[in-house]
Amino acid sequence: MSALFRHITPVPPGSATGQVAAVYDQVDAEFSSIGPAVMMMSPAPELLAPGWALLRESLLAGAAPRWHKEAVAASVSQANRCEYDTAGHLAFLETAGGEDVARALRDGGEPADKDVAAVVRWAKATGVPGSPDQGMPPVPGALAPEYIGTALALHFVNRMVLILLAEHLLPGGMRESDTTRPFEGAPVARAVERRRSGDGLLLLDGEAGPAPAWAGESSVGTAYAALRDSAAKGGFLLSEDARAAVRDSVGRHLGGRLPVEDGWPATSLDALAPGDRAGATLAILAALAPDRITEDDVVRWRTGQYSDHCLLHLLAFGAMLAVERIEAGIARTPATGGR
């Protein structure tokens with residue numbers, strides 16, 4: 001199993017208890033067998049549960065066609081250059097009835113259906129600051145929370161996958177009929193059925209803060225708020241000055257992915273105390289260039305005192321700062337800069 005993951009040791013399905021076991025059970029019943037993209041968050045149940053709830057309440061539940069939302073998930077993943085999630089959601093897209101759309105996306109083209117093509121353009125633009133396609137999705141207003149929630153969930157998950165899963169890992173067999181998989185435990189897609197809204201919220205602990213306005217009264221908003229609030233706690237692993245530096249860096253770049261030049265972001269953190277720079281670097285990279293985080297970056301911060309639980313919270317803090325900036329671009333509202 002260790003060959004599938006970087007930086008953390010996950011909880012295997014057979015050893016899971018409590019909240020982790022409850023999440024695994026719901027994922028296994030409704031979405032897929034337990035693969036690496038689920039297990040990677042298991043050392044921090046406070047992140048695993050709301051992360052899954054956001055994906056479930058937006059992608060699996062609700063009134064919008066599942067295959068439309070799978071097109072959003074696959075398109076966001078393509079834009080983020082996340083091969084693992086792209087492959088997985090293209091397979092789900094085919095299973096849900098969007099074979100032609102999946103084929104077009106694999107070929108780098110646009111779907112023939114103009115309405116779906118507009119949704120795909122929007123999804124790919126959500127993480128591009130200033131894009132004219134970045135605002136609210138081109139769908140009926142009542143369905144918007146499902147599309148926005150799906151996009152934001154994938155922006156978060158993509159970042160964590162790029163950090164925590166082995167480079168070039170793919171999900172392998174995604175269907176019950178597949179007989180060959182590249183690794184044991186490759187996820188198998190469950191039957192595509194519309195799930196009951198709200199069941200993902202039953203896995204959450206405690207009260208979440210206010211849901212965003214775009215979510216209305218939907219369960220998507222509650223799940224998003226829970227993930228946002230849990231991720232924000234990772235900021236307290238940094239000093240106040242380091243938190244401010246991370247927020248400033250992510251805010252200046254509006255959460256958009258950056259090609260990282262040699263020395264960046266370390267050179268932008270010169271004003272911080274030396275002991276603050278390693279953690280701030282991890283958080284900024286998690287937000288803006290997750291695929292550039294190395295084992296040396298992680299070891300430099302951990303110094304033998306921080307657990308997998310701590311690492312996941314720090315990475316989630318950075319990743320969600322980017323997601324909040326993307327959310328603000330979609331809703332055309334001021335970003336909070338982290339709570």
# chains A, B, ... in the order shown; residues from 1 in each chain; ligands from 1
>>> residues_around(residues="A:Ala191", least_positions_apart="6", cutoff="12 Å", atoms="only C-alpha atoms", output="list in words")
Asp28, Ala29, Glu30, Phe31, Ser32, Ser33, Leu60, Arg66, Phe92, Leu93, Glu94, Thr95, Ala96, Gly97, Met174, Arg175 and Glu176 of chain A
>>> write_last_selection(atoms="N, CA, C and O atoms", output="JSON list (two decimals), in the first residue's frame")
[["chain", "number", "residue", "atom", "x", "y", "z"],
["A", 28, "ASP", "N", -18.39, 3.11, -0.07],
["A", 28, "ASP", "CA", -18.43, 1.78, -0.67],
["A", 28, "ASP", "C", -19.83, 1.42, -1.16],
["A", 28, "ASP", "O", -20.00, 0.78, -2.20],
["A", 29, "ALA", "N", -20.86, 1.87, -0.44],
["A", 29, "ALA", "CA", -22.22, 1.54, -0.81],
["A", 29, "ALA", "C", -22.73, 2.40, -1.97],
["A", 29, "ALA", "O", -23.52, 1.93, -2.79],
["A", 30, "GLU", "N", -22.27, 3.64, -2.06],
["A", 30, "GLU", "CA", -22.90, 4.58, -2.98],
["A", 30, "GLU", "C", -22.04, 5.05, -4.15],
["A", 30, "GLU", "O", -22.57, 5.56, -5.14],
["A", 31, "PHE", "N", -20.71, 4.90, -4.05],
["A", 31, "PHE", "CA", -19.86, 5.54, -5.04],
["A", 31, "PHE", "C", -18.87, 4.56, -5.67],
["A", 31, "PHE", "O", -18.92, 4.30, -6.86],
["A", 32, "SER", "N", -17.98, 4.02, -4.87],
["A", 32, "SER", "CA", -16.99, 3.07, -5.38],
["A", 32, "SER", "C", -16.38, 2.32, -4.21],
["A", 32, "SER", "O", -16.55, 2.70, -3.05],
["A", 33, "SER", "N", -15.66, 1.26, -4.54],
["A", 33, "SER", "CA", -14.87, 0.62, -3.50],
["A", 33, "SER", "C", -13.82, 1.61, -3.01],
["A", 33, "SER", "O", -13.57, 2.64, -3.64],
["A", 60, "LEU", "N", -23.46, 13.24, -6.28],
["A", 60, "LEU", "CA", -24.27, 12.02, -6.27],
["A", 60, "LEU", "C", -25.74, 12.29, -6.00],
["A", 60, "LEU", "O", -26.60, 11.55, -6.46],
["A", 66, "ARG", "N", -26.55, 13.27, -13.37],
["A", 66, "ARG", "CA", -25.24, 12.87, -12.84],
["A", 66, "ARG", "C", -24.17, 13.02, -13.92],
["A", 66, "ARG", "O", -23.05, 13.47, -13.62],
["A", 92, "PHE", "N", -16.53, 7.34, -14.69],
["A", 92, "PHE", "CA", -17.86, 7.55, -14.13],
["A", 92, "PHE", "C", -18.78, 8.22, -15.15],
["A", 92, "PHE", "O", -19.97, 7.91, -15.23],
["A", 93, "LEU", "N", -18.24, 9.17, -15.93],
["A", 93, "LEU", "CA", -19.03, 9.85, -16.95],
["A", 93, "LEU", "C", -19.57, 8.85, -17.97],
["A", 93, "LEU", "O", -20.76, 8.91, -18.35],
["A", 94, "GLU", "N", -18.75, 7.92, -18.38],
["A", 94, "GLU", "CA", -19.20, 6.89, -19.32],
["A", 94, "GLU", "C", -20.28, 6.02, -18.67],
["A", 94, "GLU", "O", -21.30, 5.71, -19.30],
["A", 95, "THR", "N", -20.04, 5.62, -17.43],
["A", 95, "THR", "CA", -21.00, 4.76, -16.73],
["A", 95, "THR", "C", -22.34, 5.45, -16.57],
["A", 95, "THR", "O", -23.40, 4.82, -16.61],
["A", 96, "ALA", "N", -22.31, 6.79, -16.39],
["A", 96, "ALA", "CA", -23.54, 7.55, -16.17],
["A", 96, "ALA", "C", -24.28, 7.90, -17.45],
["A", 96, "ALA", "O", -25.34, 8.51, -17.40],
["A", 97, "GLY", "N", -23.73, 7.52, -18.60],
["A", 97, "GLY", "CA", -24.43, 7.76, -19.86],
["A", 97, "GLY", "C", -23.84, 8.84, -20.73],
["A", 97, "GLY", "O", -24.45, 9.23, -21.73],
["A", 174, "MET", "N", -12.38, 0.38, -13.22],
["A", 174, "MET", "CA", -13.44, 1.17, -12.58],
["A", 174, "MET", "C", -14.80, 0.49, -12.68],
["A", 174, "MET", "O", -15.80, 1.03, -12.25],
["A", 175, "ARG", "N", -14.85, -0.71, -13.25],
["A", 175, "ARG", "CA", -16.14, -1.37, -13.44],
["A", 175, "ARG", "C", -16.08, -2.80, -12.91],
["A", 175, "ARG", "O", -15.03, -3.44, -12.90],
["A", 176, "GLU", "N", -17.23, -3.29, -12.50],
["A", 176, "GLU", "CA", -17.31, -4.65, -11.97],
["A", 176, "GLU", "C", -16.80, -5.67, -12.97],
["A", 176, "GLU", "O", -16.24, -6.69, -12.60]]
>>> residues_around(residues="stretch 200-206 of chain A", least_positions_apart="6", cutoff="8 Å", atoms="only C-alpha atoms", output="MDAnalysis selection string")
chainID A and resid 19 22:23 46 49:50 52:54 56:57 219 222:223 226
>>> closest_residue(among="A:Ala144, A:Leu90, A:Leu48, A:Ala289", to="A:Ser218", atoms="only C-alpha atoms")
A:Ala144
>>> atom_distance(atom1="atom CA of A:Gly14", atom2="atom CA of A:Val192")
25.0 Å
>>> closest_atom_pairs(of="stretch 24-89 of chain A", to="stretch 121-135 of chain A", cutoff="6 Å", atoms="only C-alpha atoms", output="JSON lines")
{"residue": "A:Val72", "atom": "CA", "partner": "A:Ala123", "partner_atom": "CA", "distance": 5.4}
{"residue": "A:Ser75", "atom": "CA", "partner": "A:Lys124", "partner_atom": "CA", "distance": 5.5}
{"residue": "A:Val76", "atom": "CA", "partner": "A:Lys124", "partner_atom": "CA", "distance": 5.2}
{"residue": "A:Ala79", "atom": "CA", "partner": "A:Lys124", "partner_atom": "CA", "distance": 5.5}
>>> write_last_selection(atoms="all heavy atoms", output="short mmCIF file (atom, residue, chain, number, x, y, z; two decimals), in the first residue's frame")
data_model
loop_
_atom_site.label_atom_id
_atom_site.label_comp_id
_atom_site.auth_asym_id
_atom_site.auth_seq_id
_atom_site.Cartn_x
_atom_site.Cartn_y
_atom_site.Cartn_z
N VAL A 72 -18.37 17.99 -15.30
CA VAL A 72 -17.74 19.06 -14.53
C VAL A 72 -16.52 18.52 -13.76
O VAL A 72 -15.44 19.11 -13.80
CB VAL A 72 -18.75 19.70 -13.55
CG1 VAL A 72 -18.04 20.63 -12.56
CG2 VAL A 72 -19.84 20.44 -14.31
N SER A 75 -13.69 17.77 -16.12
CA SER A 75 -13.14 18.98 -16.73
C SER A 75 -12.28 19.77 -15.75
O SER A 75 -11.21 20.28 -16.11
CB SER A 75 -14.27 19.85 -17.27
OG SER A 75 -14.98 19.19 -18.30
N VAL A 76 -12.73 19.89 -14.51
CA VAL A 76 -11.92 20.55 -13.49
C VAL A 76 -10.61 19.79 -13.31
O VAL A 76 -9.53 20.38 -13.23
CB VAL A 76 -12.69 20.66 -12.16
CG1 VAL A 76 -11.76 21.09 -11.03
CG2 VAL A 76 -13.85 21.63 -12.29
N ALA A 79 -8.26 20.48 -16.12
CA ALA A 79 -7.68 21.82 -16.01
C ALA A 79 -6.59 21.87 -14.95
O ALA A 79 -5.60 22.61 -15.10
CB ALA A 79 -8.77 22.84 -15.69
#
>>> select_by_dssp(residues="stretch 117-311 of chain A", states="alpha helix (DSSP H)", output="MDAnalysis selection string")
chainID A and resid 117:125 144:164 219:232 240:252 274:288 295:302 308:311
>>> closest_residue(among="A:Ala283, A:Arg196, A:Glu146, A:Arg228", to="A:Pro210", atoms="only C-alpha atoms")
A:Arg228
>>> closest_residue(among="A:Pro138, A:Gly108, A:Pro12, A:Pro290", to="A:His68", atoms="only C-alpha atoms")
A:Pro138
>>> closest_residue(among="A:Ala16, A:Leu272, A:Leu238, A:Ala328", to="A:Leu254", atoms="only C-alpha atoms")
A:Ala328
>>> closest_residue(among="A:Pro111, A:Val246, A:Pro265, A:Ala91", to="A:Val188", atoms="only C-alpha atoms")
A:Ala91
